[in-house]
Structures are given as structure tokens and as C-alpha cells.
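To be precise, the following lines are my_file-v3.tsv, and they hold TSV, C-alpha atoms.
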chain	number	residue	atom	x	y	z
N	1	MET	CA	0.00	0.00	0.00
N	2	THR	CA	2.74	2.43	0.91
N	3	THR	CA	4.51	2.02	-2.40
N	4	SER	CA	1.44	1.97	-4.59
N	5	VAL	CA	1.39	4.42	-7.47
N	6	ASP	CA	-2.02	5.41	-6.18
N	7	SER	CA	-0.56	6.95	-3.08
N	8	TRP	CA	1.54	10.05	-2.61
N	9	CYS	CA	4.10	11.03	-0.01
N	10	TYR	CA	2.70	13.25	2.68
N	11	VAL	CA	5.65	15.17	4.15
N	12	PHE	CA	5.36	15.96	7.85
N	13	GLY	CA	8.70	17.63	8.29
N	14	ILE	CA	12.46	17.61	7.91
N	15	VAL	CA	14.56	15.87	10.55
N	16	PRO	CA	18.21	14.79	10.84
N	17	ALA	CA	18.97	11.58	8.94
N	18	GLY	CA	18.66	8.55	11.20
N	19	ALA	CA	16.15	10.19	13.54
N	20	PRO	CA	13.68	7.83	15.26
N	21	VAL	CA	10.39	7.40	13.39
N	22	PRO	CA	7.15	7.70	15.40
N	23	ALA	CA	4.71	4.79	15.33
N	24	SER	CA	2.43	4.73	12.30
N	25	ASP	CA	-1.32	4.64	12.66
N	26	ASP	CA	-4.23	4.71	10.28
N	27	GLY	CA	-5.18	8.29	11.08
N	28	GLY	CA	-5.08	10.04	7.72
N	29	PRO	CA	-1.58	10.52	6.33
N	30	ALA	CA	0.12	9.00	9.39
N	31	ALA	CA	0.10	5.61	7.65
N	32	GLY	CA	3.39	4.00	6.69
N	33	LEU	CA	5.63	6.54	8.36
N	34	ARG	CA	9.24	6.39	7.20
N	35	LEU	CA	12.31	8.50	6.51
N	36	VAL	CA	13.49	9.46	3.05
N	37	GLU	CA	17.14	10.41	3.51
N	38	VAL	CA	19.65	12.45	1.56
N	39	GLY	CA	23.00	13.06	3.26
N	40	GLU	CA	22.50	14.53	6.73
N	41	VAL	CA	18.81	15.31	6.36
N	42	ALA	CA	15.63	13.30	6.02
N	43	ALA	CA	11.99	13.89	5.24
N	44	LEU	CA	9.52	12.20	7.56
N	45	VAL	CA	6.79	10.99	5.22
N	46	GLY	CA	3.55	9.04	5.35
N	47	SER	CA	1.32	7.70	2.60
N	48	THR	CA	-1.85	9.39	1.47
N	49	PRO	CA	-4.13	8.01	-1.26
N	50	ALA	CA	-3.82	10.06	-4.44
N	51	ASP	CA	-7.56	10.15	-4.95
N	52	ARG	CA	-8.44	11.43	-1.53
N	53	GLY	CA	-8.28	15.09	-0.56
N	54	LEU	CA	-6.86	16.33	2.70
N	55	GLY	CA	-8.31	18.63	5.31
N	56	ARG	CA	-10.54	16.46	7.44
N	57	ALA	CA	-10.20	16.66	11.19
N	58	ALA	CA	-8.34	13.34	11.22
N	59	ASP	CA	-5.76	14.71	8.76
N	60	LEU	CA	-5.11	17.84	10.79
N	61	LEU	CA	-4.84	15.89	14.02
N	62	ALA	CA	-2.49	13.36	12.41
N	63	HIS	CA	-0.21	16.15	11.21
N	64	ASP	CA	0.04	17.55	14.71
N	65	ARG	CA	0.23	14.18	16.43
N	66	VAL	CA	3.13	12.89	14.36
N	67	LEU	CA	5.14	16.10	14.71
N	68	ALA	CA	4.39	16.27	18.44
N	69	ALA	CA	5.77	12.73	18.78
N	70	VAL	CA	8.96	13.81	17.02
N	71	VAL	CA	9.35	16.75	19.39
N	72	ALA	CA	8.62	14.54	22.40
N	73	ALA	CA	11.49	12.30	21.31
N	74	GLY	CA	13.81	15.31	21.46
N	75	THR	CA	14.37	15.36	17.71
N	76	PRO	CA	14.78	18.78	16.06
N	77	VAL	CA	12.22	19.14	13.31
N	78	LEU	CA	11.39	21.64	10.62
N	79	PRO	CA	7.64	21.25	10.29
N	80	MET	CA	6.09	21.46	6.83
N	81	ARG	CA	2.91	23.40	6.33
N	82	PHE	CA	-0.15	21.19	6.54
N	83	GLY	CA	-0.91	19.55	3.20
N	84	ALA	CA	2.61	19.08	1.85
N	85	VAL	CA	2.25	16.26	-0.65
N	86	VAL	CA	4.93	15.12	-3.09
N	87	THR	CA	4.36	12.46	-5.77
N	88	ASP	CA	6.86	9.83	-4.65
N	89	GLU	CA	10.06	9.18	-2.73
N	90	SER	CA	12.37	10.02	-5.60
N	91	ALA	CA	10.69	13.41	-5.93
N	92	VAL	CA	11.15	13.92	-2.19
N	93	GLU	CA	14.86	13.17	-2.63
N	94	ALA	CA	15.43	15.23	-5.74
N	95	GLU	CA	13.10	18.19	-5.40
N	96	LEU	CA	12.83	18.61	-1.68
N	97	LEU	CA	15.94	17.27	0.06
N	98	SER	CA	18.82	17.58	-2.42
N	99	LYS	CA	17.73	21.01	-3.53
N	100	HIS	CA	17.54	22.49	-0.05
N	101	GLN	CA	19.95	20.34	1.89
N	102	ASP	CA	22.27	23.10	3.10
N	103	HIS	CA	19.38	25.23	4.26
N	104	PHE	CA	17.76	22.32	6.10
N	105	VAL	CA	21.00	21.44	7.86
N	106	ALA	CA	21.40	25.02	9.03
N	107	VAL	CA	17.80	25.36	10.26
N	108	LEU	CA	17.86	22.02	12.05
N	109	ARG	CA	21.01	23.11	13.83
N	110	SER	CA	19.31	26.33	14.95
N	111	LEU	CA	16.27	24.42	16.21
N	112	GLN	CA	18.32	21.83	18.09
N	113	GLY	CA	17.24	21.90	21.72
N	114	ARG	CA	14.42	24.38	21.19
N	115	VAL	CA	10.66	23.97	21.22
N	116	GLN	CA	7.75	26.25	20.55
N	117	TYR	CA	5.13	27.29	23.05
N	118	THR	CA	2.03	29.18	22.05
N	119	VAL	CA	0.51	31.52	24.61
N	120	ASN	CA	-3.03	32.73	24.16
N	121	VAL	CA	-4.39	35.41	26.46
N	122	ARG	CA	-8.01	36.47	26.50
N	123	TYR	CA	-10.14	38.62	28.69
N	124	GLU	CA	-12.57	37.09	31.08
N	125	GLN	CA	-15.62	38.14	29.20
N	126	ASP	CA	-17.81	39.59	31.91
N	127	THR	CA	-14.99	41.29	33.76
N	128	VAL	CA	-13.76	43.22	30.76
N	129	LEU	CA	-17.27	44.08	29.62
N	130	ARG	CA	-17.91	45.60	33.02
N	131	GLN	CA	-14.72	47.59	32.67
N	132	VAL	CA	-15.83	48.85	29.26
N	133	LEU	CA	-19.19	49.92	30.67
N	134	ALA	CA	-17.49	51.67	33.57
N	135	GLU	CA	-15.06	53.53	31.31
N	136	HIS	CA	-17.57	54.44	28.63
N	137	PRO	CA	-20.74	56.02	30.01
N	138	GLU	CA	-22.12	56.39	26.48
N	139	ILE	CA	-21.95	52.63	25.99
N	140	ALA	CA	-23.55	52.04	29.37
N	141	ARG	CA	-26.37	54.41	28.41
N	142	LEU	CA	-26.92	52.65	25.12
N	143	ARG	CA	-27.17	49.39	26.99
N	144	GLU	CA	-29.80	50.84	29.35
N	145	ILE	CA	-32.18	51.52	26.49
N	146	ASP	CA	-31.38	48.33	24.67
N	147	GLY	CA	-34.58	46.49	25.25
N	148	ALA	CA	-35.58	43.16	23.84
N	149	ALA	CA	-37.98	44.85	21.46
N	150	ASP	CA	-38.12	43.12	18.12
N	151	THR	CA	-38.05	46.25	16.01
N	152	ARG	CA	-35.65	47.54	13.43
N	153	ALA	CA	-34.67	50.39	15.72
N	154	ALA	CA	-33.89	48.00	18.55
N	155	PHE	CA	-31.82	45.84	16.23
N	156	ASP	CA	-29.82	48.83	15.03
N	157	ARG	CA	-29.23	49.91	18.61
N	158	ARG	CA	-28.03	46.44	19.49
N	159	LEU	CA	-25.67	46.47	16.53
N	160	ARG	CA	-24.33	49.85	17.56
N	161	LEU	CA	-23.86	48.66	21.12
N	162	GLY	CA	-21.87	45.64	19.96
N	163	GLU	CA	-19.77	47.74	17.63
N	164	LEU	CA	-18.88	50.23	20.35
N	165	VAL	CA	-17.97	47.43	22.73
N	166	VAL	CA	-15.76	45.78	20.11
N	167	ARG	CA	-14.03	49.07	19.30
N	168	ALA	CA	-13.45	49.74	22.99
N	169	LEU	CA	-11.88	46.31	23.39
N	170	GLU	CA	-9.65	46.87	20.39
N	171	ARG	CA	-8.41	50.11	21.88
N	172	LEU	CA	-7.50	48.31	25.08
N	173	ARG	CA	-5.50	45.62	23.30
N	174	PRO	CA	-2.13	47.22	22.39
N	175	ALA	CA	-1.26	48.28	25.94
N	176	GLU	CA	-2.53	45.01	27.44
N	177	ALA	CA	-0.56	42.94	24.94
N	178	ALA	CA	2.62	44.91	25.54
N	179	ALA	CA	2.23	44.42	29.29
N	180	VAL	CA	1.78	40.66	28.86
N	181	ILE	CA	4.88	40.40	26.65
N	182	ASP	CA	6.73	42.40	29.24
N	183	GLU	CA	5.76	40.02	32.02
N	184	LEU	CA	6.65	36.92	30.04
N	185	GLY	CA	10.01	38.42	29.23
N	186	ASP	CA	11.28	39.58	25.88
N	187	ASP	CA	14.44	37.55	26.38
N	188	PHE	CA	12.62	34.75	24.55
N	189	ASP	CA	12.33	34.84	20.78
N	190	PHE	CA	8.65	35.37	20.00
N	191	ARG	CA	6.24	36.04	17.15
N	192	ALA	CA	2.94	37.70	17.94
N	193	HIS	CA	0.04	36.77	15.69
N	194	HIS	CA	-2.42	39.28	14.41
N	195	SER	CA	-5.33	39.15	16.82
N	196	THR	CA	-8.70	38.67	15.24
N	197	ALA	CA	-11.09	38.02	18.11
N	198	PRO	CA	-12.05	41.27	19.84
N	199	ASP	CA	-11.64	39.74	23.29
N	200	GLU	CA	-8.18	38.36	22.56
N	201	VAL	CA	-5.30	40.18	24.20
N	202	LEU	CA	-2.42	38.26	22.70
N	203	ASP	CA	-1.65	35.15	20.74
N	204	ALA	CA	2.06	34.59	20.40
N	205	ALA	CA	4.54	31.82	19.73
N	206	PHE	CA	7.71	31.59	21.81
N	207	LEU	CA	10.86	29.67	20.94
N	208	VAL	CA	12.17	28.23	24.18
N	209	GLU	CA	15.42	26.37	24.88
N	210	THR	CA	14.65	23.04	26.51
N	211	ALA	CA	16.90	24.03	29.41
N	212	ARG	CA	14.60	27.00	30.08
N	213	VAL	CA	11.28	25.25	29.61
N	214	GLU	CA	10.55	25.18	33.31
N	215	GLU	CA	11.45	28.83	33.71
N	216	PHE	CA	9.16	29.76	30.85
N	217	GLU	CA	6.28	27.68	32.13
N	218	ASN	CA	6.70	29.26	35.55
N	219	ARG	CA	6.48	32.73	34.03
N	220	VAL	CA	3.29	31.82	32.20
N	221	GLU	CA	1.82	30.37	35.37
N	222	GLU	CA	2.77	33.49	37.28
N	223	LEU	CA	1.15	35.67	34.62
N	224	ALA	CA	-2.05	33.67	34.83
N	225	ARG	CA	-2.06	33.75	38.61
N	226	ARG	CA	-1.50	37.47	38.81
N	227	HIS	CA	-4.33	38.24	36.42
N	228	ALA	CA	-6.77	35.53	37.44
N	229	GLY	CA	-10.32	36.78	37.17
N	230	ARG	CA	-9.45	39.26	34.45
N	231	LEU	CA	-7.38	37.31	31.92
N	232	ARG	CA	-7.51	33.70	30.82
N	233	VAL	CA	-4.21	32.18	29.79
N	234	ARG	CA	-3.83	29.14	27.59
N	235	LEU	CA	-0.53	27.45	26.93
N	236	VAL	CA	-0.04	25.01	24.07
N	237	GLY	CA	3.21	23.12	23.74
N	238	PRO	CA	5.89	22.04	23.60
N	239	SER	CA	5.29	21.78	19.88
N	240	PRO	CA	7.36	21.96	16.69
N	241	ALA	CA	8.58	25.43	15.79
N	242	TYR	CA	5.72	26.05	13.38
N	243	ASP	CA	6.14	29.80	13.62
N	244	PHE	CA	9.88	29.90	13.28
N	245	VAL	CA	10.56	28.38	9.90
N	246	GLU	CA	10.92	30.57	6.89
N	247	ASP	CA	10.01	29.53	3.38
N	248	VAL	CA	12.70	28.41	0.99
J	249	MET	CA	1.98	12.87	23.50
J	250	THR	CA	3.30	16.16	24.78
J	251	THR	CA	1.71	15.62	28.14
J	252	ALA	CA	4.62	14.77	30.40
J	253	ILE	CA	5.23	18.33	31.45
J	254	GLN	CA	1.65	19.43	31.16
J	255	GLN	CA	0.21	17.11	33.76
J	256	ARG	CA	2.53	18.35	36.44
J	257	ARG	CA	1.16	21.83	36.63
J	258	GLY	CA	-2.33	22.63	37.64
J	259	GLY	CA	-3.04	26.12	38.74
J	260	TYR	CA	-4.17	29.02	36.69
J	261	VAL	CA	-2.98	28.19	33.19
J	262	ASP	CA	-5.30	26.35	30.87
J	263	ARG	CA	-3.21	23.62	29.25
J	264	PRO	CA	-5.13	21.58	26.70
J	265	SER	CA	-3.84	18.06	26.95
J	266	PRO	CA	-3.71	16.54	24.49
J	267	SER	CA	-4.27	19.50	22.20
J	268	GLY	CA	-7.83	19.74	20.99
J	269	LEU	CA	-8.90	20.27	17.44
J	270	ALA	CA	-9.31	24.02	17.82
J	271	ASP	CA	-5.77	24.37	19.11
J	272	VAL	CA	-4.43	22.22	16.32
J	273	VAL	CA	-6.20	24.37	13.78
J	274	GLU	CA	-4.77	27.52	15.33
J	275	LEU	CA	-1.34	25.99	15.52
J	276	ILE	CA	-0.86	24.48	12.10
J	277	LEU	CA	-3.02	26.28	9.56
J	278	ASP	CA	-1.00	28.68	7.45
J	279	LYS	CA	2.19	27.80	9.28
J	280	GLY	CA	5.20	25.66	8.63
J	281	LEU	CA	7.56	25.38	5.71
J	282	VAL	CA	6.29	25.73	2.17
J	283	ILE	CA	8.35	24.55	-0.77
J	284	ASP	CA	7.78	24.62	-4.47
J	285	ALA	CA	7.67	20.87	-5.03
J	286	TYR	CA	4.13	20.29	-3.81
J	287	VAL	CA	1.62	18.34	-5.77
J	288	ARG	CA	-1.68	20.10	-6.06
J	289	VAL	CA	-4.02	17.97	-4.01
J	290	SER	CA	-7.50	19.04	-3.19
J	291	LEU	CA	-7.60	20.39	0.31
J	292	VAL	CA	-11.01	19.49	1.59
J	293	GLY	CA	-12.50	22.38	3.48
J	294	ILE	CA	-9.20	24.07	4.12
J	295	GLU	CA	-9.93	27.25	2.28
J	296	LEU	CA	-13.12	27.47	4.20
J	297	LEU	CA	-11.48	26.87	7.55
J	298	THR	CA	-8.76	29.37	6.92
J	299	ILE	CA	-11.32	32.00	6.19
J	300	ASP	CA	-13.67	31.11	8.98
J	301	ALA	CA	-10.92	30.94	11.55
J	302	ARG	CA	-9.81	34.44	10.70
J	303	ILE	CA	-13.04	36.33	10.23
J	304	VAL	CA	-13.88	36.89	13.81
J	305	ILE	CA	-13.45	40.46	12.74
J	306	ALA	CA	-15.81	43.33	12.93
J	307	SER	CA	-18.83	41.73	11.39
J	308	VAL	CA	-22.48	41.98	12.15
J	309	ASP	CA	-22.35	38.59	13.86
J	310	THR	CA	-19.55	39.69	16.12
J	311	TYR	CA	-21.26	42.93	17.05
J	312	LEU	CA	-24.45	41.12	17.91
J	313	ARG	CA	-22.59	38.56	19.98
J	314	PHE	CA	-20.89	41.27	22.00
J	315	ALA	CA	-24.10	43.20	22.40
J	316	GLU	CA	-25.73	40.06	23.71
J	317	ALA	CA	-22.83	39.37	26.06
J	318	THR	CA	-22.98	42.92	27.35
J	319	ASN	CA	-26.70	42.71	27.93
J	320	ARG	CA	-26.33	39.38	29.69
J	321	LEU	CA	-24.40	41.13	32.45
J	322	ASP	CA	-27.82	41.83	33.96
J	323	LEU	CA	-27.92	38.30	35.26
J	324	TYR	CA	-25.06	39.05	37.63
J	325	ASP	CA	-26.24	42.55	38.44
J	326	LYS	CA	-29.45	41.18	39.88
J	327	GLY	CA	-27.46	38.98	42.20
J	328	GLY	CA	-26.06	42.19	43.65
J	329	LYS	CA	-22.41	41.23	43.47
J	330	ASP	CA	-19.97	44.01	42.92
J	331	LEU	CA	-16.88	43.68	40.79
J	332	PRO	CA	-14.17	42.67	43.30
J	333	GLU	CA	-16.50	40.14	44.84
J	334	LEU	CA	-17.32	38.71	41.47
J	335	MET	CA	-13.69	38.44	40.52
J	336	GLN	CA	-12.95	36.66	43.75
J	337	SER	CA	-15.72	34.17	43.27
J	338	MET	CA	-14.56	33.45	39.76
J	339	THR	CA	-11.07	32.79	40.97
J	340	GLU	CA	-12.09	30.68	43.89
J	341	GLY	CA	-15.05	28.92	42.44
J	342	GLY	CA	-13.30	27.72	39.33
J	343	ALA	CA	-16.11	29.26	37.34
J	344	LYS	CA	-13.93	29.52	34.27
J	345	GLY	CA	-16.32	27.53	32.18
J	346	LYS	CA	-19.25	29.74	33.00
J	347	THR	CA	-17.55	32.94	32.02
J	348	ARG	CA	-16.63	31.79	28.56
J	349	GLY	CA	-20.11	32.31	27.33
J	350	ALA	CA	-21.05	33.62	23.98
J	351	LEU	CA	-17.79	34.91	22.65
J	352	SER	CA	-15.95	31.73	21.84
J	353	GLY	CA	-18.08	31.27	18.76
J	354	ALA	CA	-15.45	31.23	16.06
J	355	LYS	CA	-13.42	28.32	17.28
J	356	GLU	CA	-16.53	26.36	18.01
J	357	LYS	CA	-17.59	26.99	14.48
J	358	VAL	CA	-14.30	25.65	13.20
J	359	ASN	CA	-14.74	22.57	15.33
J	360	GLU	CA	-18.24	22.12	14.08
J	361	LEU	CA	-17.12	22.32	10.47
J	362	LEU	CA	-14.23	19.99	11.01
J	363	SER	CA	-16.23	17.36	12.76
J	364	SER	CA	-18.96	17.45	10.16
J	365	ASP	CA	-16.37	17.04	7.43
J	366	ASP	CA	-15.01	14.15	9.38
J	367	ASP	CA	-18.34	12.46	9.65
J	368	ASP	CA	-18.89	11.93	5.98
J	369	ASP	CA	-15.51	10.92	4.72
J	370	ASP	CA	-16.66	9.90	1.32
J	371	GLY	CA	-19.34	12.16	0.03
J	372	ASP	CA	-19.45	15.58	1.57
J	373	GLU	CA	-20.52	17.22	-1.66
J	374	ASP	CA	-23.97	17.78	-0.31
J	375	SER	CA	-22.88	19.87	2.65
J	376	ARG	CA	-20.02	21.89	1.23
J	377	PRO	CA	-21.61	23.96	-1.47
J	378	ARG	CA	-23.94	25.42	1.11
J	379	ARG	CA	-21.14	26.59	3.30
J	380	ARG	CA	-18.82	27.92	0.69
J	381	PRO	CA	-20.91	30.87	-0.39
J	382	ARG	CA	-21.31	31.83	3.22
J	383	ALA	CA	-17.58	31.81	3.77
J	384	ARG	CA	-17.10	33.96	0.68
J	385	GLN	CA	-19.67	36.42	1.88
J	386	ALA	CA	-17.93	36.61	5.20
J	387	ALA	CA	-14.62	37.20	3.51
J	388	GLN	CA	-16.12	39.98	1.46
J	389	ARG	CA	-17.63	41.43	4.55
J	390	ARG	CA	-14.24	41.36	6.12
J	391	ARG	CA	-12.64	43.07	3.19
J	392	SER	CA	-15.20	45.80	3.03
J	393	SER	CA	-15.18	46.41	6.75
J	394	SER	CA	-11.42	46.69	6.85
J	395	GLN	CA	-11.60	49.17	4.03
J	396	ASP	CA	-14.05	51.16	6.09
J	397	ASP	CA	-11.58	51.25	8.90
J	398	GLU	CA	-8.88	52.80	6.82

Translate this file's structure into C-alpha cells.
Amino acid sequence: MTTSVDSWCYVFGIVPAGAPVPASDDGGPAAGLRLVEVGEVAALVGSTPADRGLGRAADLLAHDRVLAAVVAAGTPVLPMRFGAVVTDESAVEAELLSKHQDHFVAVLRSLQGRVQYTVNVRYEQDTVLRQVLAEHPEIARLREIDGAADTRAAFDRRLRLGELVVRALERLRPAEAAAVIDELGDDFDFRAHHSTAPDEVLDAAFLVETARVEEFENRVEELARRHAGRLRVRLVGPSPAYDFVEDV
Amino acid sequence: MTTAIQQRRGGYVDRPSPSGLADVVELILDKGLVIDAYVRVSLVGIELLTIDARIVIASVDTYLRFAEATNRLDLYDKGGKDLPELMQSMTEGGAKGKTRGALSGAKEKVNELLSSDDDDDDGDEDSRPRRRPRARQAAQRRRSSSQDDE
């Protein structure tokens, strides 16, 4: 099945040649996991049927699960973007590995002993909404007259209320986000994502040396403790350095 | 899989373990290395997800959700709790779940879409065409509203 012409190579990521291969499973492209090696580097690939699209929940979870297993084994990995499919192993060798070998070697060296953590900070909904009402009397007034009436005027008022609340939250964000970064420490390499949800303060990826993992986790915990009741802090990781690989 | 360190800490940080679908979507969509050797495979639902995950922007839906959330504050007001007291009870009572409320809509939507795609592995033609136009509309809405902002 894994060598059938009807299946393509799904590339999870680039690892050092000889790296341990995580256990295969039948979850999407995580079938028939193996290394395709050229010199010092290798592509970790699975098999995906050529006639089946990707993008189901199982595919996304498999992508993350396999790469998480690589990271858990302490192997440096350059994660591919989800959906990286190459026709066959010889194409992986020729077009992916041989062509970019020097670059891959350099990036893997820079990722050695480092993992990514993603920190997401959001407001506690009710707390921040109360703050907005307290700081903006005009919004509080609009809320007073916002009845449940099922009229066009009531709908427009509701829309206006929501818009003002969203704008107020967006004005709060820059200072809040800067304060959070400050508390976590800018001595870690980080990339802040563009925030889209109005009640999101910060979503950022941090590249953390394994020797400092505990220190970093303690800082995140301290941040969450200090702001409990006002901010909610989520921490995802350790994961592959998804945010720290540049295109070639 | 990545749980060894996660289990140790309890406390105030929310650490999904193992990472849920919404976190995976956030983590891996649009990220990671891209090279020029890719085969063009059909990416089921990905375009849709990418758009939906990012449109939590100033849209009518968002405004209405926040208006509703703001109006819902009445429920607490009637209980007569003031702000510090409320904050304390949230911290102590572990009421995190309760306070999430209406605003986590976007990620839930992503989850919903993903799991429905997952359910019908073979023929999801019937459900996709309906959603696609909506995602396009939303994207247009996003474009026009960001133009308004500038």
C-alpha cells in the first residue's frame, strides 16, 4: 500500500537523517511513516491516497500528532505546512531534500534543543465588559435603552452597542498585549500573531530552549495567577517550531 | 503525546492536553515550511477553515454577539455582586467555564465544520456547497469592513 502508485508522499517535516520514526497509525496521512534520507537530512513521510483530498479533522490531528511525537522524542524538526504532498520518494529526494539540503542542515542546527510554546491570552468576558461599561458612560447608556424589542430600531441599537464594545476592546489591546509580553520576558524569541477576536489580548509563539522550559512555564503560570479573574491564559506546547521556519 | 510536562502543573494556566482540534487548527493552519515541489491535491475544506478561523473580525455577527454578552451582564447585576466580589468568586469557584459564554463562537464553528467534514468521509458534496458561499460572503464582509476602517 505504501509504495502503490495510487498513493503520494505526505511530508510531515524535515529531521536529521537517522532520527527515530514515530509509530504509524491509520489516522489520515500518518500511515506507513518512514524517513526518506539524503545526506544529513531526512523527510519524515507518510502515505496518502492520491484520490483522496486532505483537510478532514483526522488529517489535521495526524499532522500535529506525528510532529508532536517527534518533538517529544527530542528530535529537532522543521515542520512542513499542513498539506505538503509530493508524488513519490524520488521526488522527495530530488526536489525537496537535495535542492535544499544546506538550508535544512542550518535550520535544524538552529532548532536543536528548542521547542515552541504558544501563549493565548483572553479577557474574562464579563470582567472586561464591566470595565468597558465603567469607562464608557455612552456605551452604558446605550445598553440601558437596549430592550428586547423586536423592532428595526432595537436591532440597530443592538448592533451599535456591539460595535462600540468591540471598538473599545480593540483600543484596550495594544497596551494590554505589551504588558503581557513584558511580564513573560522579551528575552525569549517570539512572534505575535495578528489578533482577530475582539476579546483576545495576545496570541504569540515563543521559541524556548529546553533548558529554560521550566522557567518559561513558571512565568506563564505566574502571569495567569497574577491576572486571574481578568485574563484567561492558555498554553499550548511544547510543539514543533511552526512559527519559526521561513520559506525556501 | 506532549503531556509529560503538562500534567505536572495545575493552577491558573489552561493547558489543553492533548491538544484539541481548535488548538491544532490555530497551531498548524497557514504555518510551517512551504516549498515549491508540492503536488496540487485538493484540500477538503481548508480554504473554508482558513477564512472562517480568521473572520472573527468586525462583522455583524460579532457585534451582535458582543451586544448580547454585554446585555447578559444583567444576570449578575441582579445577584447584587460588585466587581471585586465577582472576581474573587470566579477565581475561587473555578467558574472559568461559565464565564466563557457567547464569545468563543469562532473556534466552536471551526470545530463544528471539522467534525462534520469528518463524519462523511466519502461524500461531503452535499454539505459543502452550502457553506462555501457563506464563507465567501464573510470574507467579502471582512474586506469591506477593513476598508471602512482605513

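The spacing separating atom CA of N:His227 from atom CA of N:Arg122 amounts to 10.7 Å.
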
Calculated over only C-alpha atoms, which of the candidates N:Glu124, N:Glu163, N:Asp26, N:Asp6 has the smallest distance to N:Leu231?
N:Glu124

When you look at N:Arg109 with a cut-off of 12 Å (counting only C-alpha atoms), what residues show up, excluding the ones that are within fewer than 3 positions of it in the same chain? I need them as an mmCIF file with C-alpha atoms, keeping the file's coordinate frame.
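As a result, result18.cif now contains:
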data_model
loop_
_atom_site.group_PDB
_atom_site.id
_atom_site.type_symbol
_atom_site.label_atom_id
_atom_site.label_comp_id
_atom_site.auth_asym_id
_atom_site.auth_seq_id
_atom_site.Cartn_x
_atom_site.Cartn_y
_atom_site.Cartn_z
ATOM 1 C CA ILE N 14 12.460 17.610 7.910
ATOM 2 C CA VAL N 15 14.560 15.870 10.550
ATOM 3 C CA PRO N 16 18.210 14.790 10.840
ATOM 4 C CA GLU N 40 22.500 14.530 6.730
ATOM 5 C CA VAL N 41 18.810 15.310 6.360
ATOM 6 C CA THR N 75 14.370 15.360 17.710
ATOM 7 C CA PRO N 76 14.780 18.780 16.060
ATOM 8 C CA VAL N 77 12.220 19.140 13.310
ATOM 9 C CA LEU N 78 11.390 21.640 10.620
ATOM 10 C CA ASP N 102 22.270 23.100 3.100
ATOM 11 C CA HIS N 103 19.380 25.230 4.260
ATOM 12 C CA PHE N 104 17.760 22.320 6.100
ATOM 13 C CA VAL N 105 21.000 21.440 7.860
ATOM 14 C CA ALA N 106 21.400 25.020 9.030
ATOM 15 C CA GLN N 112 18.320 21.830 18.090
ATOM 16 C CA GLY N 113 17.240 21.900 21.720
ATOM 17 C CA ARG N 114 14.420 24.380 21.190
#

Could you list, as a PDB file with C-alpha atoms, in the frame of the given file, every residue of chain N that has an atom within 7 Å of an atom of chain J, counting only C-alpha atoms?
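Saved the output as out39.pdb:
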ATOM      1  CA  GLY N  53      -8.280  15.090  -0.560  1.00  0.00           C
ATOM      2  CA  LEU N  54      -6.860  16.330   2.700  1.00  0.00           C
ATOM      3  CA  GLY N  55      -8.310  18.630   5.310  1.00  0.00           C
ATOM      4  CA  ARG N  56     -10.540  16.460   7.440  1.00  0.00           C
ATOM      5  CA  ALA N  57     -10.200  16.660  11.190  1.00  0.00           C
ATOM      6  CA  ALA N  58      -8.340  13.340  11.220  1.00  0.00           C
ATOM      7  CA  LEU N  61      -4.840  15.890  14.020  1.00  0.00           C
ATOM      8  CA  ASP N  64       0.040  17.550  14.710  1.00  0.00           C
ATOM      9  CA  ALA N  68       4.390  16.270  18.440  1.00  0.00           C
ATOM     10  CA  ALA N  69       5.770  12.730  18.780  1.00  0.00           C
ATOM     11  CA  ALA N  72       8.620  14.540  22.400  1.00  0.00           C
ATOM     12  CA  PRO N  79       7.640  21.250  10.290  1.00  0.00           C
ATOM     13  CA  MET N  80       6.090  21.460   6.830  1.00  0.00           C
ATOM     14  CA  ARG N  81       2.910  23.400   6.330  1.00  0.00           C
ATOM     15  CA  PHE N  82      -0.150  21.190   6.540  1.00  0.00           C
ATOM     16  CA  ALA N  84       2.610  19.080   1.850  1.00  0.00           C
ATOM     17  CA  VAL N  85       2.250  16.260  -0.650  1.00  0.00           C
ATOM     18  CA  VAL N  86       4.930  15.120  -3.090  1.00  0.00           C
ATOM     19  CA  THR N  87       4.360  12.460  -5.770  1.00  0.00           C
ATOM     20  CA  GLU N  95      13.100  18.190  -5.400  1.00  0.00           C
ATOM     21  CA  LEU N  96      12.830  18.610  -1.680  1.00  0.00           C
ATOM     22  CA  GLU N 124     -12.570  37.090  31.080  1.00  0.00           C
ATOM     23  CA  GLN N 125     -15.620  38.140  29.200  1.00  0.00           C
ATOM     24  CA  ASP N 126     -17.810  39.590  31.910  1.00  0.00           C
ATOM     25  CA  LEU N 129     -17.270  44.080  29.620  1.00  0.00           C
ATOM     26  CA  ARG N 143     -27.170  49.390  26.990  1.00  0.00           C
ATOM     27  CA  ARG N 158     -28.030  46.440  19.490  1.00  0.00           C
ATOM     28  CA  LEU N 159     -25.670  46.470  16.530  1.00  0.00           C
ATOM     29  CA  LEU N 161     -23.860  48.660  21.120  1.00  0.00           C
ATOM     30  CA  GLY N 162     -21.870  45.640  19.960  1.00  0.00           C
ATOM     31  CA  GLU N 163     -19.770  47.740  17.630  1.00  0.00           C
ATOM     32  CA  VAL N 165     -17.970  47.430  22.730  1.00  0.00           C
ATOM     33  CA  VAL N 166     -15.760  45.780  20.110  1.00  0.00           C
ATOM     34  CA  THR N 196      -8.700  38.670  15.240  1.00  0.00           C
ATOM     35  CA  ALA N 197     -11.090  38.020  18.110  1.00  0.00           C
ATOM     36  CA  GLU N 221       1.820  30.370  35.370  1.00  0.00           C
ATOM     37  CA  ALA N 224      -2.050  33.670  34.830  1.00  0.00           C
ATOM     38  CA  ARG N 225      -2.060  33.750  38.610  1.00  0.00           C
ATOM     39  CA  ALA N 228      -6.770  35.530  37.440  1.00  0.00           C
ATOM     40  CA  GLY N 229     -10.320  36.780  37.170  1.00  0.00           C
ATOM     41  CA  VAL N 233      -4.210  32.180  29.790  1.00  0.00           C
ATOM     42  CA  ARG N 234      -3.830  29.140  27.590  1.00  0.00           C
ATOM     43  CA  LEU N 235      -0.530  27.450  26.930  1.00  0.00           C
ATOM     44  CA  VAL N 236      -0.040  25.010  24.070  1.00  0.00           C
ATOM     45  CA  PRO N 238       5.890  22.040  23.600  1.00  0.00           C
ATOM     46  CA  TYR N 242       5.720  26.050  13.380  1.00  0.00           C
ATOM     47  CA  ASP N 243       6.140  29.800  13.620  1.00  0.00           C
ATOM     48  CA  VAL N 245      10.560  28.380   9.900  1.00  0.00           C
ATOM     49  CA  GLU N 246      10.920  30.570   6.890  1.00  0.00           C
ATOM     50  CA  ASP N 247      10.010  29.530   3.380  1.00  0.00           C
ATOM     51  CA  VAL N 248      12.700  28.410   0.990  1.00  0.00           C
TER      52      VAL N 248
END

Atom CA of N:Val92 and atom CA of N:Ala43 are how many Å apart?
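So the answer is 7.5 Å.
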
Just how far from atom CA of N:Val66 is atom CA of N:Glu89, in Å to one decimal?
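For atom CA of N:Glu89 relative to atom CA of N:Val66, the distance reads 18.8 Å.
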
Could you tell me which of N:Asp59, N:Val21, N:Ala50, N:Val71 comes closest to N:Val115 if we count all atoms listed in the file?
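Selected residue with least distance to N:Val115: N:Val71.
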
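Each of N:Asp187, N:Asp150, N:Asp182, N:Asp51 was compared to N:Glu215 using only C-alpha atoms, and N:Asp187 turns out to be the nearest.
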
What's around N:Phe190 at 10 Å? Count all atoms listed in the file, leave out sequence neighbours fewer than 6 positions away in its own chain, and write the answer as a ChimeraX atom specification.
/N:116-118,181,204-208,243-244
